[in-house]
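Asker: I'd like to ask some things about the structure below.
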Amino acid sequence: MRSPTLSASPVDIVVVTWNSAYTLDRCLASLRQYRASNSRLMIIDNASQDSTLEILRAHRDEMSKLIENPANRGFAAACNQGAKSGECSAILFLNPDCEIQAETIPALVSALESDPRIGAVGGRLVSPGGAPQSGFAIRSLPRAMDLCLESLLVNRVFPRNAWNKHYRRFDFVFDKDAEVEQPAGACFMVRRALFEEIGGFDERFHPAWFEDVDLCQRLRSRGARVVYCAGATVVHAGGSSTQSMVAGQASEYFFLNMVRYSRKHFGGAKTVLLRMTLVLGMVMRMLVLTVSPSVGLHRRDADFGERPEGQVREDLQRAYWNVMKGALWQWRP
């Protein structure tokens, strides 16, 4: 791929916020320092209830557009809003818990422009300590069995099983550019023409999870290459929005959108199997919750904070029950 310094093409940067105050200052500071003057920054807030809007309004002059949604439209819909507000040939979707570096955007643009067959590029996500985020940053597109094992807690209890190693790409070499199936959507650049051609993100994946997986699947189905750019480093804190969710809520959204993804890409028989494993998996979680003195096993992304353990248990039980109901009766598109 070409040197990042050779490309100065303009980019539309889309950042979607929802209760993101915890990390937003660092994200904006990195954009202020490192984004090119010919780039455009669109920020879409999904009805944040913390101080996110105060921070955004204080930096309003740094943005090409600030959209304040009166309700949480979901990540996919807000990304589509931001994309429609721009006009550059490349769109960078960036999470508010990410900090770009000097080379990030030039490297992504250079990678995208290096081959007309490349439809999207993912960056090198590292933790605040600098370690590559193995198991998250790059994954294979999920197979039906991957989703079933995720549902049944097998990947949680035995993370190094052969299926999970393939799905989460634990063998991935982060120091080299490579064609991949699914880079994380936290830092994801896509060609506008192709993004618009396939209809953008599918807004039915509400409010979050699996919309980026679905997008990669559709890009690849069109024959577009999706690549990883080792030179596009992004410090990714993670979990900026999920910290404000009640216990189990992130898992509820995750698993229900998992069913939606399966219905869309795997068809009826495999989705019936997934539904059954989800019901069994939620029953297992409820049993563990009943006999375990700790709720630690049940953490996914949300921070339980200082909420009483009794309230946490009630929230988790409600979420697991909602997943069971959705697995059995979620038939709408």
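Following the order of the structure tokens, first chain is A, next is B, and so on, with residues numbered from 1 inside each chain and ligands from 1 in the order they appear.
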Each residue of segment 112-147 of chain A lying at most 7 Å from segment 226-246 of chain A should get a row with its shortest atom-to-atom pair and the distance in Å to one decimal, counting only C-alpha atoms; could you produce that, ordered by chain and increasing number, as JSON lines?
Answerer:
{"residue": "A:Ile118", "atom": "CA", "partner": "A:Val226", "partner_atom": "CA", "distance": 5.9}
{"residue": "A:Gly119", "atom": "CA", "partner": "A:Val226", "partner_atom": "CA", "distance": 5.9}
{"residue": "A:Ala120", "atom": "CA", "partner": "A:Val226", "partner_atom": "CA", "distance": 5.0}
{"residue": "A:Val121", "atom": "CA", "partner": "A:Val227", "partner_atom": "CA", "distance": 4.9}
{"residue": "A:Gly122", "atom": "CA", "partner": "A:Tyr228", "partner_atom": "CA", "distance": 4.9}
{"residue": "A:Gly123", "atom": "CA", "partner": "A:Ala232", "partner_atom": "CA", "distance": 4.9}
{"residue": "A:Arg124", "atom": "CA", "partner": "A:Thr233", "partner_atom": "CA", "distance": 4.6}
{"residue": "A:Leu125", "atom": "CA", "partner": "A:Val234", "partner_atom": "CA", "distance": 5.0}
{"residue": "A:Val126", "atom": "CA", "partner": "A:Val235", "partner_atom": "CA", "distance": 5.0}
{"residue": "A:Ser127", "atom": "CA", "partner": "A:His236", "partner_atom": "CA", "distance": 5.5}
{"residue": "A:Pro128", "atom": "CA", "partner": "A:Val235", "partner_atom": "CA", "distance": 5.8}
Asker: Residues of segment 110-285 of chain A classed as strand (DSSP E or B) by DSSP on the backbone are to be reported as a ChimeraX atom specification.
Answerer: /A:118-126,132,138-139,178-179,182-183,187-191,225-236
Asker: Let me make sure I understand: among A:Met324, A:Val259, A:Thr277, A:Gly248, which one has the smallest atom-to-atom distance to Gln311 of chain A if we use only C-alpha atoms?
Answerer: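 Going through A:Met324, A:Val259, A:Thr277, A:Gly248 one by one, the smallest distance to Gln311 of chain A is for A:Gly248.
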Asker: Check the smallest atom-to-atom distance from each of A:Leu219, A:Ile138, A:Leu149, A:Ile44 to Val173 of chain A using only C-alpha atoms, then report the winner.
Answerer: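 Of the candidates, the smallest distance to Val173 of chain A is held by A:Ile138.
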Asker: Could you tell me how far atom CA of Thr271 of chain A sits from atom CA of Glu179 of chain A, in Å to one decimal place?
Answerer: 28.4 Å
Asker: I'd like the contact shell of Glu314 of chain A - 12 Å cut-off, only C-alpha atoms, skipping same-chain residues fewer than 2 positions apart - returned as a PDB file with N, CA, C and O atoms, in the first residue's frame.
Answerer:
ATOM      1  N   VAL A 246     -28.062  -0.330  32.014  1.00  0.00           N
ATOM      2  CA  VAL A 246     -28.292  -1.154  33.190  1.00  0.00           C
ATOM      3  C   VAL A 246     -27.744  -2.545  32.923  1.00  0.00           C
ATOM      4  O   VAL A 246     -27.503  -2.931  31.776  1.00  0.00           O
ATOM      5  N   ALA A 247     -27.569  -3.316  33.979  1.00  0.00           N
ATOM      6  CA  ALA A 247     -26.980  -4.648  33.850  1.00  0.00           C
ATOM      7  C   ALA A 247     -27.787  -5.505  32.882  1.00  0.00           C
ATOM      8  O   ALA A 247     -29.011  -5.564  32.946  1.00  0.00           O
ATOM      9  N   GLY A 248     -27.080  -6.163  31.982  1.00  0.00           N
ATOM     10  CA  GLY A 248     -27.716  -7.079  31.045  1.00  0.00           C
ATOM     11  C   GLY A 248     -28.254  -6.442  29.785  1.00  0.00           C
ATOM     12  O   GLY A 248     -28.580  -7.147  28.832  1.00  0.00           O
ATOM     13  N   GLN A 249     -28.362  -5.123  29.750  1.00  0.00           N
ATOM     14  CA  GLN A 249     -28.968  -4.472  28.594  1.00  0.00           C
ATOM     15  C   GLN A 249     -28.126  -4.640  27.336  1.00  0.00           C
ATOM     16  O   GLN A 249     -28.654  -4.881  26.245  1.00  0.00           O
ATOM     17  N   MET A 286     -29.507 -17.865  33.965  1.00  0.00           N
ATOM     18  CA  MET A 286     -30.392 -17.668  35.109  1.00  0.00           C
ATOM     19  C   MET A 286     -30.052 -18.629  36.238  1.00  0.00           C
ATOM     20  O   MET A 286     -30.079 -18.259  37.419  1.00  0.00           O
ATOM     21  N   LEU A 289     -26.957 -17.420  37.871  1.00  0.00           N
ATOM     22  CA  LEU A 289     -27.285 -16.242  38.667  1.00  0.00           C
ATOM     23  C   LEU A 289     -27.942 -16.636  39.985  1.00  0.00           C
ATOM     24  O   LEU A 289     -27.740 -15.985  41.014  1.00  0.00           O
ATOM     25  N   THR A 290     -28.690 -17.723  39.973  1.00  0.00           N
ATOM     26  CA  THR A 290     -29.386 -18.171  41.173  1.00  0.00           C
ATOM     27  C   THR A 290     -28.432 -18.769  42.194  1.00  0.00           C
ATOM     28  O   THR A 290     -28.553 -18.529  43.400  1.00  0.00           O
ATOM     29  N   VAL A 295     -22.058 -11.726  40.701  1.00  0.00           N
ATOM     30  CA  VAL A 295     -22.637 -11.459  39.385  1.00  0.00           C
ATOM     31  C   VAL A 295     -21.543 -11.220  38.350  1.00  0.00           C
ATOM     32  O   VAL A 295     -21.827 -10.844  37.220  1.00  0.00           O
ATOM     33  N   ARG A 307     -24.609   0.210  41.850  1.00  0.00           N
ATOM     34  CA  ARG A 307     -25.973  -0.263  42.038  1.00  0.00           C
ATOM     35  C   ARG A 307     -25.977  -1.466  42.965  1.00  0.00           C
ATOM     36  O   ARG A 307     -25.093  -2.324  42.876  1.00  0.00           O
ATOM     37  N   PRO A 308     -26.966  -1.557  43.834  1.00  0.00           N
ATOM     38  CA  PRO A 308     -27.042  -2.699  44.753  1.00  0.00           C
ATOM     39  C   PRO A 308     -27.088  -4.017  43.991  1.00  0.00           C
ATOM     40  O   PRO A 308     -27.683  -4.105  42.917  1.00  0.00           O
ATOM     41  N   GLU A 309     -26.461  -5.046  44.554  1.00  0.00           N
ATOM     42  CA  GLU A 309     -26.408  -6.323  43.858  1.00  0.00           C
ATOM     43  C   GLU A 309     -27.793  -6.888  43.608  1.00  0.00           C
ATOM     44  O   GLU A 309     -28.033  -7.528  42.576  1.00  0.00           O
ATOM     45  N   GLY A 310     -28.713  -6.641  44.526  1.00  0.00           N
ATOM     46  CA  GLY A 310     -30.076  -7.118  44.317  1.00  0.00           C
ATOM     47  C   GLY A 310     -30.709  -6.509  43.078  1.00  0.00           C
ATOM     48  O   GLY A 310     -31.380  -7.194  42.306  1.00  0.00           O
ATOM     49  N   GLN A 311     -30.464  -5.205  42.853  1.00  0.00           N
ATOM     50  CA  GLN A 311     -30.989  -4.545  41.668  1.00  0.00           C
ATOM     51  C   GLN A 311     -30.308  -5.074  40.404  1.00  0.00           C
ATOM     52  O   GLN A 311     -30.950  -5.250  39.370  1.00  0.00           O
ATOM     53  N   VAL A 312     -29.002  -5.334  40.509  1.00  0.00           N
ATOM     54  CA  VAL A 312     -28.272  -5.881  39.370  1.00  0.00           C
ATOM     55  C   VAL A 312     -28.851  -7.228  38.972  1.00  0.00           C
ATOM     56  O   VAL A 312     -29.062  -7.518  37.785  1.00  0.00           O
ATOM     57  N   LEU A 316     -30.493  -8.226  35.388  1.00  0.00           N
ATOM     58  CA  LEU A 316     -29.987  -9.325  34.590  1.00  0.00           C
ATOM     59  C   LEU A 316     -31.086 -10.333  34.263  1.00  0.00           C
ATOM     60  O   LEU A 316     -31.216 -10.788  33.118  1.00  0.00           O
ATOM     61  N   GLN A 317     -31.886 -10.672  35.263  1.00  0.00           N
ATOM     62  CA  GLN A 317     -32.975 -11.622  35.030  1.00  0.00           C
ATOM     63  C   GLN A 317     -33.945 -11.078  33.982  1.00  0.00           C
ATOM     64  O   GLN A 317     -34.413 -11.816  33.107  1.00  0.00           O
ATOM     65  N   ARG A 318     -34.245  -9.798  34.065  1.00  0.00           N
ATOM     66  CA  ARG A 318     -35.163  -9.188  33.097  1.00  0.00           C
ATOM     67  C   ARG A 318     -34.573  -9.248  31.693  1.00  0.00           C
ATOM     68  O   ARG A 318     -35.266  -9.568  30.725  1.00  0.00           O
ATOM     69  N   ALA A 319     -33.265  -8.964  31.588  1.00  0.00           N
ATOM     70  CA  ALA A 319     -32.611  -8.987  30.275  1.00  0.00           C
ATOM     71  C   ALA A 319     -32.603 -10.401  29.696  1.00  0.00           C
ATOM     72  O   ALA A 319     -32.898 -10.597  28.510  1.00  0.00           O
ATOM     73  N   TYR A 320     -32.285 -11.398  30.528  1.00  0.00           N
ATOM     74  CA  TYR A 320     -32.242 -12.771  30.034  1.00  0.00           C
ATOM     75  C   TYR A 320     -33.629 -13.228  29.590  1.00  0.00           C
ATOM     76  O   TYR A 320     -33.778 -13.928  28.585  1.00  0.00           O
ATOM     77  N   TRP A 321     -34.644 -12.839  30.326  1.00  0.00           N
ATOM     78  CA  TRP A 321     -36.010 -13.198  29.963  1.00  0.00           C
ATOM     79  C   TRP A 321     -36.392 -12.520  28.646  1.00  0.00           C
ATOM     80  O   TRP A 321     -37.041 -13.135  27.788  1.00  0.00           O
TER      81      TRP A 321
END
Asker: What's the 12 Å shell around Arg222 of chain A, counting only C-alpha atoms, without same-chain residues fewer than 2 positions away, as JSON, numbers by chain?
Answerer: {"A": [117, 118, 119, 194, 195, 197, 198, 215, 216, 217, 218, 219, 220, 224, 225, 226]}
Asker: I'd like the contact shell of Ala78 of chain A - 12 Å cut-off, only C-alpha atoms, skipping same-chain residues fewer than 5 positions apart - returned as JSON, numbers by chain.
Answerer: {"A": [14, 15, 16, 17, 18, 42, 43, 44, 45, 46, 47, 66, 67, 68, 69, 70, 71, 72, 73, 83, 84, 85, 93, 95, 200, 201, 202, 203, 205, 206, 207, 208, 211]}
Asker: Next, dump the selected residues to file, keeping only N, CA and C atoms, as an mmCIF file, in the first residue's frame.
Answerer:
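Final output, selection.cif:
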data_model
loop_
_atom_site.group_PDB
_atom_site.id
_atom_site.type_symbol
_atom_site.label_atom_id
_atom_site.label_comp_id
_atom_site.auth_asym_id
_atom_site.auth_seq_id
_atom_site.Cartn_x
_atom_site.Cartn_y
_atom_site.Cartn_z
ATOM 1 N N VAL A 14 -17.497 10.768 10.584
ATOM 2 C CA VAL A 14 -18.794 10.658 11.251
ATOM 3 C C VAL A 14 -18.586 10.044 12.635
ATOM 4 N N VAL A 15 -18.994 10.775 13.667
ATOM 5 C CA VAL A 15 -18.899 10.301 15.050
ATOM 6 C C VAL A 15 -20.302 10.299 15.641
ATOM 7 N N VAL A 16 -20.738 9.156 16.150
ATOM 8 C CA VAL A 16 -22.050 9.034 16.790
ATOM 9 C C VAL A 16 -21.845 8.946 18.292
ATOM 10 N N THR A 17 -22.546 9.801 19.033
ATOM 11 C CA THR A 17 -22.403 9.820 20.489
ATOM 12 C C THR A 17 -23.710 9.428 21.176
ATOM 13 N N TRP A 18 -23.570 8.781 22.305
ATOM 14 C CA TRP A 18 -24.697 8.495 23.201
ATOM 15 C C TRP A 18 -24.111 8.311 24.595
ATOM 16 N N MET A 42 -18.749 15.444 11.103
ATOM 17 C CA MET A 42 -20.167 15.413 11.430
ATOM 18 C C MET A 42 -20.366 14.590 12.696
ATOM 19 N N ILE A 43 -21.003 15.201 13.692
ATOM 20 C CA ILE A 43 -21.274 14.488 14.932
ATOM 21 C C ILE A 43 -22.782 14.408 15.125
ATOM 22 N N ILE A 44 -23.255 13.200 15.412
ATOM 23 C CA ILE A 44 -24.679 12.951 15.608
ATOM 24 C C ILE A 44 -24.868 12.423 17.010
ATOM 25 N N ASP A 45 -25.626 13.149 17.815
ATOM 26 C CA ASP A 45 -25.875 12.717 19.189
ATOM 27 C C ASP A 45 -27.251 12.076 19.283
ATOM 28 N N ASN A 46 -27.292 10.910 19.897
ATOM 29 C CA ASN A 46 -28.538 10.161 20.036
ATOM 30 C C ASN A 46 -29.192 10.396 21.396
ATOM 31 N N ALA A 47 -29.535 11.660 21.666
ATOM 32 C CA ALA A 47 -30.290 12.020 22.880
ATOM 33 C C ALA A 47 -29.535 11.634 24.154
ATOM 34 N N LEU A 66 -23.451 19.417 13.490
ATOM 35 C CA LEU A 66 -23.829 18.760 14.736
ATOM 36 C C LEU A 66 -25.326 18.505 14.681
ATOM 37 N N ILE A 67 -25.712 17.244 14.745
ATOM 38 C CA ILE A 67 -27.120 16.856 14.734
ATOM 39 C C ILE A 67 -27.481 16.344 16.121
ATOM 40 N N GLU A 68 -28.498 16.931 16.705
ATOM 41 C CA GLU A 68 -28.957 16.521 18.039
ATOM 42 C C GLU A 68 -30.299 15.802 17.878
ATOM 43 N N ASN A 69 -30.270 14.488 17.861
ATOM 44 C CA ASN A 69 -31.504 13.724 17.729
ATOM 45 C C ASN A 69 -32.313 13.797 19.018
ATOM 46 N N PRO A 70 -33.625 14.005 18.920
ATOM 47 C CA PRO A 70 -34.449 14.095 20.129
ATOM 48 C C PRO A 70 -34.648 12.757 20.822
ATOM 49 N N ALA A 71 -34.345 11.654 20.131
ATOM 50 C CA ALA A 71 -34.450 10.313 20.708
ATOM 51 C C ALA A 71 -33.295 9.477 20.175
ATOM 52 N N ASN A 72 -33.046 8.361 20.833
ATOM 53 C CA ASN A 72 -31.963 7.482 20.411
ATOM 54 C C ASN A 72 -32.403 6.711 19.163
ATOM 55 N N ARG A 73 -31.910 7.123 18.017
ATOM 56 C CA ARG A 73 -32.277 6.478 16.766
ATOM 57 C C ARG A 73 -31.468 5.208 16.502
ATOM 58 N N ALA A 83 -23.491 10.239 7.289
ATOM 59 C CA ALA A 83 -22.999 10.002 5.935
ATOM 60 C C ALA A 83 -23.747 10.860 4.919
ATOM 61 N N LYS A 84 -25.051 10.988 5.092
ATOM 62 C CA LYS A 84 -25.855 11.780 4.164
ATOM 63 C C LYS A 84 -25.535 13.272 4.265
ATOM 64 N N SER A 85 -24.944 13.689 5.377
ATOM 65 C CA SER A 85 -24.595 15.099 5.553
ATOM 66 C C SER A 85 -23.292 15.468 4.857
ATOM 67 N N PHE A 93 -16.071 6.277 9.792
ATOM 68 C CA PHE A 93 -16.914 6.135 10.973
ATOM 69 C C PHE A 93 -15.993 5.892 12.168
ATOM 70 N N ASN A 95 -15.711 5.849 16.486
ATOM 71 C CA ASN A 95 -16.392 5.855 17.772
ATOM 72 C C ASN A 95 -15.862 6.971 18.674
ATOM 73 N N GLY A 200 -26.203 1.783 2.817
ATOM 74 C CA GLY A 200 -25.681 2.166 4.129
ATOM 75 C C GLY A 200 -25.871 1.074 5.161
ATOM 76 N N PHE A 201 -25.819 1.475 6.421
ATOM 77 C CA PHE A 201 -26.047 0.526 7.513
ATOM 78 C C PHE A 201 -27.517 0.132 7.551
ATOM 79 N N ASP A 202 -27.782 -1.104 7.899
ATOM 80 C CA ASP A 202 -29.155 -1.589 8.071
ATOM 81 C C ASP A 202 -29.662 -1.110 9.427
ATOM 82 N N GLU A 203 -30.626 -0.200 9.409
ATOM 83 C CA GLU A 203 -31.096 0.448 10.636
ATOM 84 C C GLU A 203 -31.961 -0.459 11.502
ATOM 85 N N PHE A 205 -30.859 -3.068 12.844
ATOM 86 C CA PHE A 205 -29.988 -3.507 13.940
ATOM 87 C C PHE A 205 -29.953 -2.376 14.977
ATOM 88 N N HIS A 206 -30.987 -2.314 15.783
ATOM 89 C CA HIS A 206 -31.187 -1.202 16.724
ATOM 90 C C HIS A 206 -31.089 -1.715 18.152
ATOM 91 N N PRO A 207 -30.523 -0.954 19.085
ATOM 92 C CA PRO A 207 -29.819 0.311 18.876
ATOM 93 C C PRO A 207 -28.363 0.128 18.463
ATOM 94 N N ALA A 208 -27.820 -1.094 18.645
ATOM 95 C CA ALA A 208 -26.413 -1.331 18.289
ATOM 96 C C ALA A 208 -26.141 -2.828 18.247
ATOM 97 N N GLU A 211 -24.565 -4.341 13.241
ATOM 98 C CA GLU A 211 -24.728 -3.517 12.038
ATOM 99 C C GLU A 211 -23.437 -3.449 11.235
#
Asker: Taking the backbone alone, and naming residues the way the document does, which bits of segment 84-127 of chain A are helix (DSSP H, G or I) by DSSP, as a PyMOL selection string?
Answerer: chain A and resi 84+104-113
Asker: Which residue is closest to Leu56 of chain A? Choose from A:Ser37, A:Ala21, A:Phe174, A:Ala162 and count only C-alpha atoms.
Answerer: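 Under the stated criterion, the closest residue is A:Ala21.
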Asker: From the options A:Glu87, A:Glu113, A:Asp175, A:Asp146, which residue's atoms come nearest to Leu273 of chain A, counting only C-alpha atoms?
Answerer: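 Counting only C-alpha atoms, the residue closest to Leu273 of chain A is A:Asp146.
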Asker: I'd like to know which of A:Ala77, A:Leu278, A:Val323, A:Leu153 is closest to Ser251 of chain A, using only C-alpha atoms.
Answerer: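 Of A:Ala77, A:Leu278, A:Val323, A:Leu153, the one nearest Ser251 of chain A is A:Val323, counting only C-alpha atoms.
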Asker: With only C-alpha atoms as the atoms that count, which of A:Val157, A:Lys270, A:Phe136, A:Ala111 lies nearest to Ala178 of chain A?
Answerer: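 Counting only C-alpha atoms, the residue closest to Ala178 of chain A is A:Ala111.
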